[in-house]
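Structure, as structure tokens:
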Amino acid sequence: METVVDSGRRGGRRWRLTSMQVLCALLVLAILGQDLLREAVAVPVLQTAATVFVAICVQALPFLVLGVLLSGAIAAFVPARALRRVLPRRDSAAVGVAGVSGVVLAGCECASVPVARRLIGQGVAPAAALAFLLAAPAVNPVVLVSTAVAFPGEPAMVAARFAGSLATALIMGWLWLRWGKLDWIAERALRRMPDTAGRDRWRVFAETARADLVDAGGFLVLGGLVAAAFGVVIPADWFSSLGEQIVLGVLVMAVLAVVLSLCSEADAFVAASLSALPLLPRLVFLVVGPAIDAKLFALQAGTFGRAFAMRFAPVTFVVATACAVVSGLVFLGGVR
């Protein structure tokens with residue numbers, strides 16, 4: 001994005017201050033004032049928070065980059081009509097195939113919304129497109145590997161996240177198939193979309209990857225800051241008491257997932273940093289976040305209409321929370 005600075009015209013051209021120039025200016029100021037910054041963060045609490053923040057970002061960044069690269073590749077080189085051809089004609093079976101296809105077609109939450117929109121525009125049943133929307137950012141290999149790295153020695157967390165997220169996508173698809181109405185989806189989302197085959201595929205790849213990285217990177221930084229603040233501001237015994245009240249812990253982490261709106265390729269590292277909580281509430285955080293959060297609600301409302309989002313989002317929240325709890329009880333061996 002570019003910010004126009006109204007500073008008059010020089011030589012007939014308006015001077016524009018871009019975000020890159022702002023970033024460079026901040027870096028220069030940080031270098032010049034590094035002694036002052038060092039003194040400002042000399043407080044032990046701030047040093048601890050900075051360590052947690054940097055650790056989360058450094059661990060998550062490679063998976064975030066890989067995720068947006070795969071998302072860009074899918075947008076550029078995998079046309080929606082190719083996905084439509086592999087879906088069964090029967091809608092209930094198409095929901096299952098669309099949900100499972102998320103295992104091999106990686107994409108962040110932001111990218112899955114326009115892909116689902118294009119699938120509907122290409123004639124795919126809305127139930128199958130919505131199942132793909134929920135599965136693609138939650139059960140793809142990048143997310144599963146990042147979860148395994150964030151929770152070393154806990155392979156059950158990977159299995160539980162996969163099962164809970166896939167169950168959420170399939171159940172929501174079948175629920176829509178049973179009770180959903182096309183009237184709830186905005187007419188613009190049902191309109192046939194033009195094919196992008198004529199566009200430069202490498203340019204589409206670069207633009208998609210760059211946009212996803214900027215969006216997801218910002219949310220990663222926000223999540224890292226919040227996790228670091230939790231680690232130093234909120235007393236450890238508060239988390240311990242929250243862990244003892246497992247129902248409250250599950251609800252708090254589910255709401256936190258909606259509010260933080262983290263990218264699915266990086267949320268496992270934020271969840272892992274909240275080590276004072278049991279695994280079950282943290283699993284709920286990992287299953288609910290990719291299914292429905294604040295940014296997803298806004299994207300769904302803008303893409304499919306407010307009437308759709310107001311019905312789809314609350315049901316998704318309840319289904320994702322329930323699937324996460326059941327999956328945790330099965331794969332984690334109970335509340336721990």
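Within each chain, counting starts at residue 1; across the structure tokens, chains are named A, B, ... in the order shown, with ligands numbered 1 upward in that order.
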
- Task: Please provide as a PyMOL selection string all residues within 12 Å of A:Ala257, with the sequence filter that same-chain residues fewer than 4 positions apart are discarded (counting only C-alpha atoms).
- Result: chain A and resi 219+223+226-227+250-253+261-264+267-268+270-271+281-296+317+320-321

Would you put the residues from that selection into a file with N, CA and C atoms, as a JSON list (two decimals), in the first residue's frame?
```
[["chain", "number", "residue", "atom", "x", "y", "z"],
["A", 219, "PHE", "N", 0.02, -10.77, 10.85],
["A", 219, "PHE", "CA", -0.67, -11.50, 11.91],
["A", 219, "PHE", "C", 0.30, -12.34, 12.73],
["A", 223, "GLY", "N", 0.65, -12.09, 16.68],
["A", 223, "GLY", "CA", 0.56, -13.26, 17.55],
["A", 223, "GLY", "C", 1.79, -13.42, 18.43],
["A", 226, "VAL", "N", 1.60, -10.88, 21.26],
["A", 226, "VAL", "CA", 0.62, -11.27, 22.28],
["A", 226, "VAL", "C", 1.14, -12.42, 23.12],
["A", 227, "ALA", "N", 1.74, -13.41, 22.46],
["A", 227, "ALA", "CA", 2.30, -14.55, 23.21],
["A", 227, "ALA", "C", 3.41, -14.11, 24.15],
["A", 250, "VAL", "N", -10.78, -24.19, 27.57],
["A", 250, "VAL", "CA", -11.15, -24.48, 26.18],
["A", 250, "VAL", "C", -11.86, -23.28, 25.56],
["A", 251, "LEU", "N", -12.80, -22.70, 26.29],
["A", 251, "LEU", "CA", -13.54, -21.56, 25.77],
["A", 251, "LEU", "C", -12.64, -20.35, 25.55],
["A", 252, "VAL", "N", -11.74, -20.09, 26.51],
["A", 252, "VAL", "CA", -10.84, -18.94, 26.39],
["A", 252, "VAL", "C", -9.93, -19.10, 25.17],
["A", 253, "MET", "N", -9.38, -20.29, 24.97],
["A", 253, "MET", "CA", -8.48, -20.50, 23.84],
["A", 253, "MET", "C", -9.22, -20.47, 22.51],
["A", 261, "SER", "N", -6.42, -14.25, 15.06],
["A", 261, "SER", "CA", -6.44, -14.38, 13.60],
["A", 261, "SER", "C", -5.06, -14.72, 13.03],
["A", 262, "LEU", "N", -4.40, -15.73, 13.59],
["A", 262, "LEU", "CA", -3.07, -16.12, 13.14],
["A", 262, "LEU", "C", -3.14, -16.94, 11.86],
["A", 263, "CYS", "N", -2.04, -16.95, 11.12],
["A", 263, "CYS", "CA", -1.93, -17.80, 9.95],
["A", 263, "CYS", "C", -1.73, -19.25, 10.41],
["A", 264, "SER", "N", -2.34, -20.20, 9.71],
["A", 264, "SER", "CA", -2.28, -21.60, 10.15],
["A", 264, "SER", "C", -0.89, -22.18, 10.07],
["A", 267, "ASP", "N", 0.60, -20.69, 13.66],
["A", 267, "ASP", "CA", -0.11, -20.63, 14.94],
["A", 267, "ASP", "C", 0.37, -21.69, 15.93],
["A", 268, "ALA", "N", 0.94, -22.80, 15.43],
["A", 268, "ALA", "CA", 1.39, -23.86, 16.33],
["A", 268, "ALA", "C", 2.49, -23.37, 17.27],
["A", 270, "VAL", "N", 2.88, -20.30, 18.42],
["A", 270, "VAL", "CA", 2.26, -19.47, 19.46],
["A", 270, "VAL", "C", 1.60, -20.35, 20.50],
["A", 271, "ALA", "N", 0.89, -21.38, 20.05],
["A", 271, "ALA", "CA", 0.25, -22.30, 20.99],
["A", 271, "ALA", "C", 1.28, -23.03, 21.84],
["A", 281, "PRO", "N", -6.70, -27.47, 25.60],
["A", 281, "PRO", "CA", -7.07, -26.10, 25.20],
["A", 281, "PRO", "C", -6.21, -25.57, 24.05],
["A", 282, "ARG", "N", -4.94, -25.95, 24.02],
["A", 282, "ARG", "CA", -4.08, -25.49, 22.93],
["A", 282, "ARG", "C", -4.47, -26.16, 21.61],
["A", 283, "LEU", "N", -4.95, -27.40, 21.67],
["A", 283, "LEU", "CA", -5.45, -28.06, 20.47],
["A", 283, "LEU", "C", -6.70, -27.33, 19.95],
["A", 284, "VAL", "N", -7.57, -26.93, 20.85],
["A", 284, "VAL", "CA", -8.76, -26.17, 20.44],
["A", 284, "VAL", "C", -8.33, -24.89, 19.72],
["A", 285, "PHE", "N", -7.32, -24.23, 20.23],
["A", 285, "PHE", "CA", -6.79, -23.02, 19.61],
["A", 285, "PHE", "C", -6.35, -23.31, 18.17],
["A", 286, "LEU", "N", -5.70, -24.45, 17.94],
["A", 286, "LEU", "CA", -5.16, -24.79, 16.63],
["A", 286, "LEU", "C", -6.25, -25.23, 15.64],
["A", 287, "VAL", "N", -7.34, -25.79, 16.13],
["A", 287, "VAL", "CA", -8.41, -26.24, 15.25],
["A", 287, "VAL", "C", -9.37, -25.10, 14.92],
["A", 288, "VAL", "N", -9.67, -24.28, 15.90],
["A", 288, "VAL", "CA", -10.65, -23.20, 15.69],
["A", 288, "VAL", "C", -10.07, -22.10, 14.81],
["A", 289, "GLY", "N", -8.80, -21.72, 15.02],
["A", 289, "GLY", "CA", -8.20, -20.59, 14.31],
["A", 289, "GLY", "C", -8.30, -20.66, 12.80],
["A", 290, "PRO", "N", -7.86, -21.77, 12.16],
["A", 290, "PRO", "CA", -7.95, -21.84, 10.70],
["A", 290, "PRO", "C", -9.38, -21.97, 10.19],
["A", 291, "ALA", "N", -10.31, -22.36, 11.06],
["A", 291, "ALA", "CA", -11.70, -22.53, 10.62],
["A", 291, "ALA", "C", -12.47, -21.21, 10.62],
["A", 292, "ILE", "N", -12.29, -20.42, 11.68],
["A", 292, "ILE", "CA", -12.99, -19.15, 11.75],
["A", 292, "ILE", "C", -12.25, -18.21, 12.69],
["A", 293, "ASP", "N", -11.92, -17.04, 12.19],
["A", 293, "ASP", "CA", -11.34, -15.99, 13.02],
["A", 293, "ASP", "C", -11.83, -14.64, 12.49],
["A", 294, "ALA", "N", -11.34, -13.58, 13.07],
["A", 294, "ALA", "CA", -11.87, -12.25, 12.73],
["A", 294, "ALA", "C", -11.64, -11.91, 11.27],
["A", 295, "LYS", "N", -10.44, -12.18, 10.76],
["A", 295, "LYS", "CA", -10.16, -11.82, 9.37],
["A", 295, "LYS", "C", -10.93, -12.70, 8.41],
["A", 296, "LEU", "N", -11.12, -13.98, 8.77],
["A", 296, "LEU", "CA", -11.89, -14.87, 7.92],
["A", 296, "LEU", "C", -13.35, -14.44, 7.84],
["A", 317, "PHE", "N", -17.70, -22.08, 14.41],
["A", 317, "PHE", "CA", -17.04, -21.95, 15.72],
["A", 317, "PHE", "C", -17.45, -23.09, 16.65],
["A", 320, "ALA", "N", -16.12, -26.55, 15.20],
["A", 320, "ALA", "CA", -14.67, -26.67, 15.34],
["A", 320, "ALA", "C", -14.28, -26.92, 16.79],
["A", 321, "THR", "N", -14.91, -26.21, 17.72],
["A", 321, "THR", "CA", -14.60, -26.42, 19.14],
["A", 321, "THR", "C", -14.96, -27.82, 19.57]]
```

Among stretch 74-179 of chain A, which residues does DSSP mark as alpha helix (DSSP H) when it is run on the backbone? Keep the chain and numbering as in the structure and answer as JSON, numbers by chain.
{"A": [74, 75, 76, 77, 80, 81, 82, 83, 84, 85, 86, 91, 92, 93, 94, 95, 96, 97, 98, 99, 100, 101, 109, 110, 111, 112, 113, 114, 115, 116, 117, 118, 119, 120, 121, 126, 127, 128, 129, 130, 131, 132, 133, 134, 135, 141, 142, 143, 144, 145, 146, 147, 148, 149, 150, 155, 156, 157, 158, 159, 160, 161, 162, 163, 164, 165, 166, 167, 168, 169, 170, 171, 172, 173, 174, 175, 176, 177, 178, 179]}

For the residues in the current selection, export C-alpha atoms as a compact mmCIF listing (two decimals), in the first residue's frame.
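Result saved to out-v5.txt:
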```
# COMPACT_ATOMS: atom_id res chain seq x y z
CA ILE A 74 -1.85 -23.26 -6.60
CA ALA A 75 -3.44 -19.94 -7.55
CA ALA A 76 -1.22 -19.66 -10.63
CA PHE A 77 -0.86 -23.23 -11.91
CA ALA A 80 -10.35 -24.32 -10.52
CA ARG A 81 -11.74 -26.35 -13.43
CA ALA A 82 -9.08 -29.00 -12.76
CA LEU A 83 -10.36 -29.40 -9.21
CA ARG A 84 -13.93 -29.55 -10.48
CA ARG A 85 -13.10 -32.49 -12.75
CA VAL A 86 -11.86 -34.70 -9.91
CA ASP A 91 -22.64 -33.79 -3.66
CA SER A 92 -22.16 -35.76 -0.43
CA ALA A 93 -19.19 -37.62 -1.92
CA ALA A 94 -17.85 -34.37 -3.40
CA VAL A 95 -17.74 -32.88 0.10
CA GLY A 96 -15.55 -35.77 1.28
CA VAL A 97 -13.17 -35.51 -1.68
CA ALA A 98 -12.95 -31.72 -1.36
CA GLY A 99 -12.13 -32.01 2.33
CA VAL A 100 -9.45 -34.64 1.81
CA SER A 101 -7.95 -32.64 -1.08
CA GLU A 109 -6.97 -19.01 5.23
CA CYS A 110 -6.95 -15.79 3.19
CA ALA A 111 -6.18 -17.66 -0.02
CA SER A 112 -8.78 -20.39 0.55
CA VAL A 113 -11.71 -17.93 0.46
CA PRO A 114 -11.15 -16.71 -3.15
CA VAL A 115 -10.36 -20.29 -4.22
CA ALA A 116 -13.70 -21.46 -2.80
CA ARG A 117 -15.36 -18.53 -4.54
CA ARG A 118 -13.80 -19.56 -7.86
CA LEU A 119 -14.89 -23.19 -7.36
CA ILE A 120 -18.49 -22.06 -6.90
CA GLY A 121 -18.15 -19.83 -9.96
CA PRO A 126 -21.22 -24.86 -2.59
CA ALA A 127 -21.04 -27.57 0.10
CA ALA A 128 -17.89 -29.04 -1.49
CA ALA A 129 -16.33 -25.60 -1.98
CA LEU A 130 -16.96 -24.72 1.68
CA ALA A 131 -15.45 -28.02 2.82
CA PHE A 132 -12.34 -27.20 0.80
CA LEU A 133 -12.31 -23.67 2.25
CA LEU A 134 -12.06 -25.10 5.77
CA ALA A 135 -9.74 -28.03 5.02
CA PRO A 141 1.49 -30.83 4.95
CA VAL A 142 3.01 -27.45 5.85
CA VAL A 143 0.65 -27.02 8.79
CA LEU A 144 1.15 -30.58 9.99
CA VAL A 145 4.95 -30.37 9.80
CA SER A 146 4.99 -27.01 11.59
CA THR A 147 2.81 -28.52 14.34
CA ALA A 148 5.22 -31.44 14.70
CA VAL A 149 8.17 -29.04 14.99
CA ALA A 150 6.36 -26.82 17.49
CA PRO A 155 3.02 -36.74 17.70
CA ALA A 156 -0.51 -37.10 19.07
CA MET A 157 -0.95 -33.33 18.69
CA VAL A 158 -0.39 -33.64 14.95
CA ALA A 159 -2.89 -36.48 14.64
CA ALA A 160 -5.42 -34.70 16.84
CA ARG A 161 -5.14 -31.46 14.88
CA PHE A 162 -5.50 -33.28 11.58
CA ALA A 163 -8.54 -35.28 12.72
CA GLY A 164 -10.26 -32.32 14.39
CA SER A 165 -9.73 -29.97 11.44
CA LEU A 166 -10.74 -32.51 8.80
CA ALA A 167 -13.86 -33.44 10.80
CA THR A 168 -14.76 -29.74 11.04
CA ALA A 169 -14.50 -29.30 7.26
CA LEU A 170 -16.52 -32.41 6.44
CA ILE A 171 -19.24 -31.79 9.01
CA MET A 172 -19.69 -28.17 7.90
CA GLY A 173 -19.91 -29.31 4.26
CA TRP A 174 -22.53 -31.92 5.06
CA LEU A 175 -24.46 -29.51 7.28
CA TRP A 176 -24.57 -27.01 4.43
CA LEU A 177 -25.67 -29.78 2.08
CA ARG A 178 -28.56 -30.58 4.42
CA TRP A 179 -29.69 -27.13 5.58
```

- Exercise: stretch 201-208 of chain A partners within 6 Å, only C-alpha atoms, chain neighbours under 3 positions left out, as a ChimeraX atom specification: /A:72-73,76,211

Any chance you could export the current selection's all heavy atoms as a CSV table (one decimal), in the first residue's frame?
```csv
chain,number,residue,atom,x,y,z
A,72,GLY,N,0.6,-19.5,-3.6
A,72,GLY,CA,0.8,-18.8,-4.9
A,72,GLY,C,0.9,-19.8,-6.1
A,72,GLY,O,0.3,-19.5,-7.2
A,73,ALA,N,1.5,-20.9,-5.9
A,73,ALA,CA,1.7,-21.9,-7.0
A,73,ALA,C,0.3,-22.5,-7.3
A,73,ALA,O,0.0,-22.7,-8.5
A,73,ALA,CB,2.6,-23.0,-6.6
A,76,ALA,N,-1.7,-19.9,-9.3
A,76,ALA,CA,-1.2,-19.7,-10.6
A,76,ALA,C,-1.3,-20.9,-11.6
A,76,ALA,O,-1.6,-20.7,-12.8
A,76,ALA,CB,0.2,-19.2,-10.5
A,211,ALA,N,1.2,-11.0,-1.6
A,211,ALA,CA,0.0,-10.5,-0.8
A,211,ALA,C,-0.2,-11.4,0.4
A,211,ALA,O,-0.5,-10.9,1.5
A,211,ALA,CB,-1.2,-10.5,-1.7
```

Point-to-point distance from atom CA of A:Pro314 to atom CA of A:Val330, Å rounded to tenths
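We find that atom CA of A:Pro314 and atom CA of A:Val330 lie 24.6 Å from each other.
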
- Query: What is the atom CA of A:Glu244-atom CA of A:Ser275 distance in Å, reported with one decimal?
  - Reply: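 Answer for the atom CA of A:Glu244 to atom CA of A:Ser275 separation: 13.6 Å.
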
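Nearest residue to A:Arg89 among A:Leu182, A:Ala136, A:Ala125, A:Ala307 is A:Ala125, counting only C-alpha atoms.
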
Exercise for review: One decimal, Å: what's the distance from atom CA of A:Asn140 over to atom CA of A:Val65, could you say?
Suggested key: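 For atom CA of A:Asn140 relative to atom CA of A:Val65, the distance reads 14.3 Å.
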